[in-house]
Amino acid sequence: MEDTQAALVEAASQYLYPNYRQPPLILSQGSGSEVWDLSGKRYLDFYAGIAVSSLGHSHPRLTAVLADQAVRLLHVSNYFYNEPNIRLARELCQLTGLDRALFCNSGTEAVEAMLKLGRRYHFDRGDRERYRVIAFENSFHGRTMGALAVTGQPKYRDGFGPLAGVTHVPYGDIDAAIGAMGDDVAAVIVEPIQGEGGVALPPPGFLAELRALCDRSGALLLVDEVQTGVGRTGRFLACEHAGIQPDVVALAKGLGGGVPVGVVLSREAYAQALPPGSHGSTFAGNALASAAALAVLEVLKEGDLVAQAAKSGEYLARGLAGIATRHSDKIRESRGMGLLQALVLRESLVPSAVVALLRDAGLLVTVAGSDAVRFSPALNVSTAHIDEALDIVDRVLIRYRTGDDG
C-alpha cells in the first residue's frame with residue numbers, strides 16, 4: 001500500500017534526525033517554477049531550493065543530460081580524468097577570467113578549500129605565521145568547522161568550541177577591515193551580498209576598497225559567490241557589479257541546477273597553493289555532476305538567462321518595493337539585486353510566521369537573517385509567475401494586517 005503524505009510525515013518525525021524544521025508536507029514533483037506536494041496542492045517556488053534550482057524543476061535539457069550521462073559514466077574518482085569535468089573547468093575559467101578550477105560537492109566544501117588554499121599559499125612561501133582570516137559580521141559561509149569559523153553569526157557557532165584564527169568586522173566597514181589587517185592575515189573572505197544574512201548589500205565602493213586593501217597587504221581576496229554566482233544577480237558573478245576580480249571564488253548552489261556540485265576558481269598565481277595530497281574529495285568533479293553543470297551553463301548562454309535574471313529581477317524588485325510602500329506598517333524596506341530579493345519586516349511581524357502564511361497561500365519563500373523574507377526564484381521565472389507571487393504576498397499581508405490570518 002502506498003504511503004500517504006501524513007504517514008510519511010509521521011515516519012520522518014520518527015526516523016530523520018531532527019535538526020531541520022520542515023512543515024508537514026512532502027514535495028513530490030515540479031515543473032518550472034511550480035511544485036506539488038503529495039496531496040496535490042500546487043505551490044509557486046520562489047526559493048528554488050535556496051537559490052539552487054537555477055533552471056527551475058524538470059528542465060528538459062538538464063533531465064536529458066542526466067539520463068544520458070547516467071548510462072555512460074557516473075563516477076571514476078579523481079584518480080582519472082573524465083571528459084565533462086575538463087570541459088566544465090574550461091567553460092568556468094573562460095566565463096570568469098580566472099585560471100584554475102578545483103571541484104568539490106557543495107558550497108561549504110568550496111569555502112573550506114578556499115580557506116585552506118589561502119593559508120597554505122603563505123605557508124609554502126615561508127610565511128608560516130600568516131594564517132589569520134578577516135571575515136564579516138552577519139555573514140554565512142557554511143557549517144563545517146572551517147566555514148563555521150568565518151561565519152559571522154554567533155548563533156551558528158554556539159556550542160562548537162573555540163574557532164580560532166578569524167577576526168570578524170562589520171560588513172561594509174572598510175575602516176574596520178583596514179584596522180584588522182596585519183602581517184599575520186592570510187586572506188579576507190567576503191560575500192558580495194550577504195544572502196543568508198538577510199540579502200544585505202554592501203555600500204558602494206566597499207568591494208573595490210577591499211580589493212585594494214588585499215593588493216596592498218598581500219592577503220588573498222576570497223569571494224564567496226555560493227549564493228550570488230551563476231547569474232543570480234544579473235551578472236555571472238555578483239562581484240562583477242563592483243568591477244573587481246577576486247583571487248579565489250567559490251561557486252555552488254545554482255551551478256548544478258539541483259545536482260550537488262561546487263567549485264573553487266583561482267588565479268594562476270595560486271595554482272600550486274594546494275599541492276597533491278593537501279586537499280581532495282572522493283566525489284568531487286564526478287562525471288554526472290559535471291555534465292549537469294555544463295548543461296546549466298549551456299542553457300544560461302543559449303537562453304541569455306543572466307540578462308533575463310537582471311530584467312526579471314528589476315521587475316520583481318519594483319513589485320516588492322510597491323508592496324513595501326503599501327504595507328509600510330509591516331515592511332521596513334525591500335532590497336536586493338537581480339533575482340535575489342528580500343522584504344525586511346518590522347518588529348511586529350515574525351518572519352517564520354509570514355513564511356508559513358505564504359506557504360499556506362501557495363508561495364514558497366524562506367527566512368533570511370533575523371527579519372527578512374527572501375525571494376530567489378529560478379532564473380527563467382516568468383513574469384506571470386512573478387505577478388502571481390506578488391499578488392499572494394499582497395493578499396497575505398492584508399490578512400495579516402487585519403488579524404485574519406486564516
# chains A, B, ... in the order shown; residues from 1 in each chain; ligands from 1

$ select_by_dssp --residues "region 123-337 of chain A" --states "strand (DSSP E)" --output "MDAnalysis selection string"
chainID A and resid 132:136 166:169 185:190 220:224 248:251 262:266 331:337

$ write_last_selection --atoms "N, CA and C atoms" --output "mmCIF file, in the first residue's frame"
data_model
loop_
_atom_site.group_PDB
_atom_site.id
_atom_site.type_symbol
_atom_site.label_atom_id
_atom_site.label_comp_id
_atom_site.auth_asym_id
_atom_site.auth_seq_id
_atom_site.Cartn_x
_atom_site.Cartn_y
_atom_site.Cartn_z
ATOM 1 N N ARG A 132 45.806 34.117 9.830
ATOM 2 C CA ARG A 132 44.552 34.734 10.281
ATOM 3 C C ARG A 132 43.709 35.151 9.075
ATOM 4 N N VAL A 133 42.401 35.070 9.238
ATOM 5 C CA VAL A 133 41.454 35.427 8.188
ATOM 6 C C VAL A 133 40.553 36.545 8.704
ATOM 7 N N ILE A 134 40.346 37.565 7.914
ATOM 8 C CA ILE A 134 39.363 38.605 8.216
ATOM 9 C C ILE A 134 38.053 38.224 7.537
ATOM 10 N N ALA A 135 36.993 38.178 8.326
ATOM 11 C CA ALA A 135 35.647 37.867 7.832
ATOM 12 C C ALA A 135 34.697 38.934 8.355
ATOM 13 N N PHE A 136 33.416 38.792 8.029
ATOM 14 C CA PHE A 136 32.488 39.880 8.322
ATOM 15 C C PHE A 136 31.300 39.420 9.156
ATOM 16 N N VAL A 166 40.310 33.766 13.275
ATOM 17 C CA VAL A 166 39.433 34.603 12.456
ATOM 18 C C VAL A 166 39.110 35.886 13.224
ATOM 19 N N THR A 167 39.139 37.016 12.527
ATOM 20 C CA THR A 167 38.711 38.296 13.079
ATOM 21 C C THR A 167 37.490 38.764 12.305
ATOM 22 N N HIS A 168 36.371 38.975 13.005
ATOM 23 C CA HIS A 168 35.146 39.459 12.361
ATOM 24 C C HIS A 168 35.026 40.965 12.538
ATOM 25 N N VAL A 169 34.708 41.656 11.452
ATOM 26 C CA VAL A 169 34.493 43.104 11.488
ATOM 27 C C VAL A 169 33.156 43.406 10.832
ATOM 28 N N VAL A 185 47.739 38.197 8.522
ATOM 29 C CA VAL A 185 46.486 37.937 7.802
ATOM 30 C C VAL A 185 46.789 37.252 6.475
ATOM 31 N N ALA A 186 46.227 36.062 6.301
ATOM 32 C CA ALA A 186 46.398 35.308 5.058
ATOM 33 C C ALA A 186 45.389 35.719 4.005
ATOM 34 N N ALA A 187 44.160 36.022 4.442
ATOM 35 C CA ALA A 187 43.088 36.246 3.473
ATOM 36 C C ALA A 187 41.953 37.043 4.094
ATOM 37 N N VAL A 188 41.168 37.639 3.220
ATOM 38 C CA VAL A 188 39.898 38.263 3.570
ATOM 39 C C VAL A 188 38.820 37.506 2.810
ATOM 40 N N ILE A 189 37.776 37.088 3.514
ATOM 41 C CA ILE A 189 36.677 36.381 2.855
ATOM 42 C C ILE A 189 35.415 37.230 2.959
ATOM 43 N N VAL A 190 34.702 37.365 1.826
ATOM 44 C CA VAL A 190 33.546 38.255 1.788
ATOM 45 C C VAL A 190 32.503 37.723 0.823
ATOM 46 N N LEU A 220 45.059 37.368 0.390
ATOM 47 C CA LEU A 220 44.209 36.936 -0.726
ATOM 48 C C LEU A 220 42.782 37.413 -0.495
ATOM 49 N N LEU A 221 42.116 37.807 -1.562
ATOM 50 C CA LEU A 221 40.705 38.158 -1.500
ATOM 51 C C LEU A 221 39.895 36.949 -1.935
ATOM 52 N N LEU A 222 39.205 36.343 -0.976
ATOM 53 C CA LEU A 222 38.369 35.167 -1.216
ATOM 54 C C LEU A 222 36.920 35.628 -1.293
ATOM 55 N N VAL A 223 36.253 35.375 -2.394
ATOM 56 C CA VAL A 223 34.874 35.837 -2.578
ATOM 57 C C VAL A 223 33.942 34.635 -2.600
ATOM 58 N N ASP A 224 33.006 34.626 -1.681
ATOM 59 C CA ASP A 224 32.025 33.557 -1.557
ATOM 60 C C ASP A 224 30.811 33.912 -2.415
ATOM 61 N N VAL A 248 40.383 34.284 -5.455
ATOM 62 C CA VAL A 248 39.749 32.969 -5.433
ATOM 63 C C VAL A 248 38.256 33.185 -5.231
ATOM 64 N N VAL A 249 37.444 32.388 -5.909
ATOM 65 C CA VAL A 249 35.996 32.497 -5.765
ATOM 66 C C VAL A 249 35.402 31.110 -5.573
ATOM 67 N N ALA A 250 34.347 31.039 -4.749
ATOM 68 C CA ALA A 250 33.628 29.785 -4.511
ATOM 69 C C ALA A 250 32.260 29.849 -5.170
ATOM 70 N N LEU A 251 31.932 28.804 -5.943
ATOM 71 C CA LEU A 251 30.612 28.668 -6.563
ATOM 72 C C LEU A 251 30.013 27.326 -6.159
ATOM 73 N N GLY A 262 30.212 21.847 -6.436
ATOM 74 C CA GLY A 262 30.826 23.100 -6.046
ATOM 75 C C GLY A 262 32.167 23.221 -6.722
ATOM 76 N N VAL A 263 32.701 24.442 -6.745
ATOM 77 C CA VAL A 263 33.996 24.645 -7.392
ATOM 78 C C VAL A 263 34.683 25.860 -6.793
ATOM 79 N N VAL A 264 35.990 25.777 -6.700
ATOM 80 C CA VAL A 264 36.846 26.916 -6.363
ATOM 81 C C VAL A 264 37.594 27.311 -7.633
ATOM 82 N N LEU A 265 37.498 28.577 -7.989
ATOM 83 C CA LEU A 265 38.210 29.108 -9.144
ATOM 84 C C LEU A 265 39.265 30.086 -8.649
ATOM 85 N N SER A 266 40.482 29.965 -9.176
ATOM 86 C CA SER A 266 41.561 30.823 -8.684
ATOM 87 C C SER A 266 42.387 31.385 -9.832
ATOM 88 N N ILE A 331 6.276 46.368 6.616
ATOM 89 C CA ILE A 331 7.512 46.161 5.859
ATOM 90 C C ILE A 331 8.400 47.387 6.016
ATOM 91 N N ARG A 332 9.639 47.154 6.470
ATOM 92 C CA ARG A 332 10.578 48.263 6.653
ATOM 93 C C ARG A 332 11.193 48.690 5.330
ATOM 94 N N GLU A 333 11.562 47.714 4.493
ATOM 95 C CA GLU A 333 12.137 48.039 3.190
ATOM 96 C C GLU A 333 12.180 46.781 2.327
ATOM 97 N N SER A 334 12.381 47.004 1.036
ATOM 98 C CA SER A 334 12.710 45.914 0.126
ATOM 99 C C SER A 334 14.122 46.169 -0.375
ATOM 100 N N ARG A 335 14.855 45.089 -0.662
ATOM 101 C CA ARG A 335 16.223 45.263 -1.124
ATOM 102 C C ARG A 335 16.675 44.008 -1.851
ATOM 103 N N GLY A 336 17.734 44.157 -2.626
ATOM 104 C CA GLY A 336 18.273 43.004 -3.325
ATOM 105 C C GLY A 336 18.908 43.403 -4.632
ATOM 106 N N MET A 337 19.283 42.397 -5.397
ATOM 107 C CA MET A 337 19.890 42.596 -6.707
ATOM 108 C C MET A 337 19.520 41.401 -7.571
#

$ residues_around --residues "Thr228 (chain A)" --least-positions-apart "6" --cutoff "8 Å" --atoms "only C-alpha atoms" --output "PyMOL selection string"
chain A and resi 192-193+195+237-238+340

$ write_last_selection --atoms "N, CA and C atoms" --output "mmCIF file, in the first residue's frame"
data_model
loop_
_atom_site.group_PDB
_atom_site.id
_atom_site.type_symbol
_atom_site.label_atom_id
_atom_site.label_comp_id
_atom_site.auth_asym_id
_atom_site.auth_seq_id
_atom_site.Cartn_x
_atom_site.Cartn_y
_atom_site.Cartn_z
ATOM 1 N N PRO A 192 29.616 39.077 -1.801
ATOM 2 C CA PRO A 192 29.234 40.319 -2.479
ATOM 3 C C PRO A 192 27.881 40.844 -2.008
ATOM 4 N N ILE A 193 27.010 39.929 -1.637
ATOM 5 C CA ILE A 193 25.740 40.232 -0.981
ATOM 6 C C ILE A 193 25.573 39.190 0.112
ATOM 7 N N GLY A 195 23.549 36.905 1.547
ATOM 8 C CA GLY A 195 22.258 36.286 1.275
ATOM 9 C C GLY A 195 21.586 35.742 2.514
ATOM 10 N N LEU A 237 29.035 36.575 -12.101
ATOM 11 C CA LEU A 237 29.482 36.739 -10.719
ATOM 12 C C LEU A 237 28.966 38.070 -10.200
ATOM 13 N N ALA A 238 28.495 38.085 -8.968
ATOM 14 C CA ALA A 238 27.984 39.333 -8.400
ATOM 15 C C ALA A 238 29.088 40.371 -8.240
ATOM 16 N N LEU A 340 17.735 37.903 -6.449
ATOM 17 C CA LEU A 340 17.957 37.687 -5.026
ATOM 18 C C LEU A 340 17.415 38.924 -4.320
#

$ closest_residue --among "A:Arg395, A:Arg90, A:Arg232, A:Lys301" --to "Lys253 (chain A)" --atoms "only C-alpha atoms"
A:Arg232

$ closest_residue --among "A:Gly369, A:Tyr131, A:Val76, A:Ala200" --to "Lys155 (chain A)" --atoms "only C-alpha atoms"
A:Gly369

$ residues_around --residues "Cys239 (chain A)" --least-positions-apart "2" --cutoff "9 Å" --atoms "only C-alpha atoms" --output "list in words"
Glu191, Pro192, Ile193, Leu207, Val223, Glu225, Thr228, Gly229, Arg235, Phe236, Leu237, His241, Ala242, Gly243, Ile244, Gln245 and Pro246 of chain A

$ closest_residue --among "A:Gly303, A:Gly118, A:Gly257, A:Gly179" --to "Leu274 (chain A)" --atoms "only C-alpha atoms"
A:Gly118

$ closest_residue --among "A:Gly218, A:Gly107, A:Val306, A:Ser290" --to "Ala378 (chain A)" --atoms "only C-alpha atoms"
A:Val306

$ residues_around --residues "Ala147 (chain A)" --least-positions-apart "2" --cutoff "12 Å" --atoms "only C-alpha atoms" --output "ChimeraX atom specification"
/A:106-116,133,135,139-145,149-153,156-157,163-166,189-190,224,250

$ write_last_selection --atoms "N, CA and C atoms" --output "mmCIF file, in the first residue's frame"
data_model
loop_
_atom_site.group_PDB
_atom_site.id
_atom_site.type_symbol
_atom_site.label_atom_id
_atom_site.label_comp_id
_atom_site.auth_asym_id
_atom_site.auth_seq_id
_atom_site.Cartn_x
_atom_site.Cartn_y
_atom_site.Cartn_z
ATOM 1 N N SER A 106 29.847 20.930 -2.671
ATOM 2 C CA SER A 106 28.900 21.856 -2.059
ATOM 3 C C SER A 106 29.555 23.204 -1.847
ATOM 4 N N GLY A 107 28.741 24.178 -1.449
ATOM 5 C CA GLY A 107 29.274 25.492 -1.149
ATOM 6 C C GLY A 107 30.178 25.497 0.063
ATOM 7 N N THR A 108 29.779 24.786 1.098
ATOM 8 C CA THR A 108 30.612 24.716 2.293
ATOM 9 C C THR A 108 31.970 24.118 1.976
ATOM 10 N N GLU A 109 31.988 23.051 1.179
ATOM 11 C CA GLU A 109 33.265 22.448 0.802
ATOM 12 C C GLU A 109 34.109 23.423 -0.014
ATOM 13 N N ALA A 110 33.470 24.220 -0.857
ATOM 14 C CA ALA A 110 34.219 25.206 -1.635
ATOM 15 C C ALA A 110 34.852 26.242 -0.717
ATOM 16 N N VAL A 111 34.122 26.669 0.299
ATOM 17 C CA VAL A 111 34.676 27.623 1.261
ATOM 18 C C VAL A 111 35.839 26.997 2.020
ATOM 19 N N GLU A 112 35.677 25.749 2.442
ATOM 20 C CA GLU A 112 36.771 25.057 3.137
ATOM 21 C C GLU A 112 38.027 25.028 2.264
ATOM 22 N N ALA A 113 37.872 24.707 1.012
ATOM 23 C CA ALA A 113 39.024 24.648 0.117
ATOM 24 C C ALA A 113 39.648 26.030 -0.069
ATOM 25 N N MET A 114 38.820 27.078 -0.175
ATOM 26 C CA MET A 114 39.356 28.434 -0.294
ATOM 27 C C MET A 114 40.200 28.799 0.912
ATOM 28 N N LEU A 115 39.685 28.480 2.100
ATOM 29 C CA LEU A 115 40.417 28.824 3.321
ATOM 30 C C LEU A 115 41.737 28.068 3.395
ATOM 31 N N LYS A 116 41.698 26.785 3.053
ATOM 32 C CA LYS A 116 42.938 26.009 3.053
ATOM 33 C C LYS A 116 43.936 26.566 2.037
ATOM 34 N N VAL A 133 42.401 35.070 9.238
ATOM 35 C CA VAL A 133 41.454 35.427 8.188
ATOM 36 C C VAL A 133 40.553 36.545 8.704
ATOM 37 N N ALA A 135 36.993 38.178 8.326
ATOM 38 C CA ALA A 135 35.647 37.867 7.832
ATOM 39 C C ALA A 135 34.697 38.934 8.355
ATOM 40 N N SER A 139 27.741 37.417 8.265
ATOM 41 C CA SER A 139 27.992 36.582 7.088
ATOM 42 C C SER A 139 27.566 35.138 7.343
ATOM 43 N N PHE A 140 27.470 34.383 6.256
ATOM 44 C CA PHE A 140 27.238 32.942 6.346
ATOM 45 C C PHE A 140 28.080 32.269 5.269
ATOM 46 N N HIS A 141 28.921 31.320 5.709
ATOM 47 C CA HIS A 141 29.800 30.635 4.769
ATOM 48 C C HIS A 141 29.680 29.118 4.842
ATOM 49 N N GLY A 142 28.869 28.585 5.750
ATOM 50 C CA GLY A 142 28.697 27.152 5.845
ATOM 51 C C GLY A 142 28.799 26.662 7.273
ATOM 52 N N ARG A 143 28.651 25.336 7.444
ATOM 53 C CA ARG A 143 28.521 24.788 8.794
ATOM 54 C C ARG A 143 29.600 23.788 9.173
ATOM 55 N N THR A 144 30.558 23.509 8.287
ATOM 56 C CA THR A 144 31.703 22.718 8.724
ATOM 57 C C THR A 144 32.627 23.625 9.539
ATOM 58 N N MET A 145 33.595 23.051 10.205
ATOM 59 C CA MET A 145 34.316 23.814 11.217
ATOM 60 C C MET A 145 35.068 25.012 10.655
ATOM 61 N N ALA A 149 33.885 28.856 11.279
ATOM 62 C CA ALA A 149 34.770 29.821 11.932
ATOM 63 C C ALA A 149 34.676 31.196 11.288
ATOM 64 N N VAL A 150 34.501 31.254 9.967
ATOM 65 C CA VAL A 150 34.432 32.555 9.297
ATOM 66 C C VAL A 150 33.000 33.082 9.201
ATOM 67 N N THR A 151 32.016 32.254 9.529
ATOM 68 C CA THR A 151 30.621 32.709 9.533
ATOM 69 C C THR A 151 30.417 33.706 10.671
ATOM 70 N N GLY A 152 29.880 34.865 10.335
ATOM 71 C CA GLY A 152 29.790 35.962 11.301
ATOM 72 C C GLY A 152 28.477 36.041 12.039
ATOM 73 N N GLN A 153 27.879 34.910 12.350
ATOM 74 C CA GLN A 153 26.644 34.873 13.123
ATOM 75 C C GLN A 153 26.828 33.908 14.295
ATOM 76 N N TYR A 156 25.158 30.331 14.860
ATOM 77 C CA TYR A 156 25.615 29.132 14.166
ATOM 78 C C TYR A 156 26.856 28.524 14.823
ATOM 79 N N ARG A 157 27.639 29.353 15.525
ATOM 80 C CA ARG A 157 28.891 28.879 16.104
ATOM 81 C C ARG A 157 28.747 28.368 17.528
ATOM 82 N N LEU A 163 36.838 28.567 17.883
ATOM 83 C CA LEU A 163 37.124 28.548 16.450
ATOM 84 C C LEU A 163 38.101 29.688 16.179
ATOM 85 N N ALA A 164 39.363 29.398 16.310
ATOM 86 C CA ALA A 164 40.394 30.432 16.331
ATOM 87 C C ALA A 164 40.835 30.825 14.929
ATOM 88 N N GLY A 165 41.587 31.919 14.886
ATOM 89 C CA GLY A 165 42.244 32.329 13.655
ATOM 90 C C GLY A 165 41.428 33.224 12.759
ATOM 91 N N VAL A 166 40.310 33.766 13.275
ATOM 92 C CA VAL A 166 39.433 34.603 12.456
ATOM 93 C C VAL A 166 39.110 35.886 13.224
ATOM 94 N N ILE A 189 37.776 37.088 3.514
ATOM 95 C CA ILE A 189 36.677 36.381 2.855
ATOM 96 C C ILE A 189 35.415 37.230 2.959
ATOM 97 N N VAL A 190 34.702 37.365 1.826
ATOM 98 C CA VAL A 190 33.546 38.255 1.788
ATOM 99 C C VAL A 190 32.503 37.723 0.823
ATOM 100 N N ASP A 224 33.006 34.626 -1.681
ATOM 101 C CA ASP A 224 32.025 33.557 -1.557
ATOM 102 C C ASP A 224 30.811 33.912 -2.415
ATOM 103 N N ALA A 250 34.347 31.039 -4.749
ATOM 104 C CA ALA A 250 33.628 29.785 -4.511
ATOM 105 C C ALA A 250 32.260 29.849 -5.170
#

$ closest_residue --among "A:Ala287, A:Ala368, A:Leu27, A:Ile323" --to "Val393 (chain A)" --atoms "only C-alpha atoms"
A:Ile323

$ residues_around --residues "Leu300 (chain A)" --least-positions-apart "2" --cutoff "10 Å" --atoms "only C-alpha atoms" --output "list of chain:residue names"
A:Ser54, A:Leu55, A:Val230, A:Gly231, A:Phe236, A:Leu294, A:Ala295, A:Val296, A:Leu297, A:Glu298, A:Glu302, A:Gly303, A:Asp304, A:Leu305, A:Val306, A:Ala307, A:Gln308, A:Ala309, A:Leu379, A:Asn380

$ residues_around --residues "Pro377 (chain A)" --least-positions-apart "3" --cutoff "7 Å" --atoms "only C-alpha atoms" --output "list in words"
Asp45, Phe46, Tyr47, Ala48, Ala51, Leu339 and Val381 of chain A

$ write_last_selection --atoms "N, CA and C atoms" --output "PDB file, in the first residue's frame"
ATOM      1  N   ASP A  45       7.296  28.189  -6.531  1.00  0.00           N
ATOM      2  CA  ASP A  45       8.589  28.011  -5.880  1.00  0.00           C
ATOM      3  C   ASP A  45       9.445  29.257  -6.089  1.00  0.00           C
ATOM      4  N   PHE A  46       9.498  30.111  -5.063  1.00  0.00           N
ATOM      5  CA  PHE A  46      10.311  31.326  -5.129  1.00  0.00           C
ATOM      6  C   PHE A  46      11.468  31.274  -4.137  1.00  0.00           C
ATOM      7  N   TYR A  47      11.863  30.040  -3.801  1.00  0.00           N
ATOM      8  CA  TYR A  47      13.108  29.891  -3.055  1.00  0.00           C
ATOM      9  C   TYR A  47      14.074  28.985  -3.809  1.00  0.00           C
ATOM     10  N   ALA A  48      13.551  28.169  -4.720  1.00  0.00           N
ATOM     11  CA  ALA A  48      14.363  27.364  -5.654  1.00  0.00           C
ATOM     12  C   ALA A  48      15.435  26.561  -4.940  1.00  0.00           C
ATOM     13  N   ALA A  51      18.120  28.974  -3.757  1.00  0.00           N
ATOM     14  CA  ALA A  51      18.858  29.519  -4.912  1.00  0.00           C
ATOM     15  C   ALA A  51      19.646  28.451  -5.659  1.00  0.00           C
ATOM     16  N   LEU A 339      17.730  38.439  -9.158  1.00  0.00           N
ATOM     17  CA  LEU A 339      16.715  37.541  -8.601  1.00  0.00           C
ATOM     18  C   LEU A 339      17.117  37.030  -7.217  1.00  0.00           C
ATOM     19  N   VAL A 381      12.252  32.275 -14.379  1.00  0.00           N
ATOM     20  CA  VAL A 381      10.905  32.503 -13.875  1.00  0.00           C
ATOM     21  C   VAL A 381      10.154  33.451 -14.822  1.00  0.00           C
TER      22      VAL A 381
END

$ decode --residues "region 134-146 of chain A" --atoms "N, CA and C atoms" --output "PDB file, in the first residue's frame"
ATOM      1  N   ILE A 134      40.346  37.565   7.914  1.00  0.00           N
ATOM      2  CA  ILE A 134      39.363  38.605   8.216  1.00  0.00           C
ATOM      3  C   ILE A 134      38.053  38.224   7.537  1.00  0.00           C
ATOM      4  N   ALA A 135      36.993  38.178   8.326  1.00  0.00           N
ATOM      5  CA  ALA A 135      35.647  37.867   7.832  1.00  0.00           C
ATOM      6  C   ALA A 135      34.697  38.934   8.355  1.00  0.00           C
ATOM      7  N   PHE A 136      33.416  38.792   8.029  1.00  0.00           N
ATOM      8  CA  PHE A 136      32.488  39.880   8.322  1.00  0.00           C
ATOM      9  C   PHE A 136      31.300  39.420   9.156  1.00  0.00           C
ATOM     10  N   GLU A 137      30.900  40.317  10.049  1.00  0.00           N
ATOM     11  CA  GLU A 137      29.731  40.062  10.876  1.00  0.00           C
ATOM     12  C   GLU A 137      28.495  39.895  10.002  1.00  0.00           C
ATOM     13  N   ASN A 138      27.591  39.042  10.444  1.00  0.00           N
ATOM     14  CA  ASN A 138      26.330  38.748   9.760  1.00  0.00           C
ATOM     15  C   ASN A 138      26.512  37.886   8.516  1.00  0.00           C
ATOM     16  N   SER A 139      27.741  37.417   8.265  1.00  0.00           N
ATOM     17  CA  SER A 139      27.992  36.582   7.088  1.00  0.00           C
ATOM     18  C   SER A 139      27.566  35.138   7.343  1.00  0.00           C
ATOM     19  N   PHE A 140      27.470  34.383   6.256  1.00  0.00           N
ATOM     20  CA  PHE A 140      27.238  32.942   6.346  1.00  0.00           C
ATOM     21  C   PHE A 140      28.080  32.269   5.269  1.00  0.00           C
ATOM     22  N   HIS A 141      28.921  31.320   5.709  1.00  0.00           N
ATOM     23  CA  HIS A 141      29.800  30.635   4.769  1.00  0.00           C
ATOM     24  C   HIS A 141      29.680  29.118   4.842  1.00  0.00           C
ATOM     25  N   GLY A 142      28.869  28.585   5.750  1.00  0.00           N
ATOM     26  CA  GLY A 142      28.697  27.152   5.845  1.00  0.00           C
ATOM     27  C   GLY A 142      28.799  26.662   7.273  1.00  0.00           C
ATOM     28  N   ARG A 143      28.651  25.336   7.444  1.00  0.00           N
ATOM     29  CA  ARG A 143      28.521  24.788   8.794  1.00  0.00           C
ATOM     30  C   ARG A 143      29.600  23.788   9.173  1.00  0.00           C
ATOM     31  N   THR A 144      30.558  23.509   8.287  1.00  0.00           N
ATOM     32  CA  THR A 144      31.703  22.718   8.724  1.00  0.00           C
ATOM     33  C   THR A 144      32.627  23.625   9.539  1.00  0.00           C
ATOM     34  N   MET A 145      33.595  23.051  10.205  1.00  0.00           N
ATOM     35  CA  MET A 145      34.316  23.814  11.217  1.00  0.00           C
ATOM     36  C   MET A 145      35.068  25.012  10.655  1.00  0.00           C
ATOM     37  N   GLY A 146      35.699  24.859   9.492  1.00  0.00           N
ATOM     38  CA  GLY A 146      36.396  25.995   8.913  1.00  0.00           C
ATOM     39  C   GLY A 146      35.430  27.061   8.432  1.00  0.00           C
TER      40      GLY A 146
END
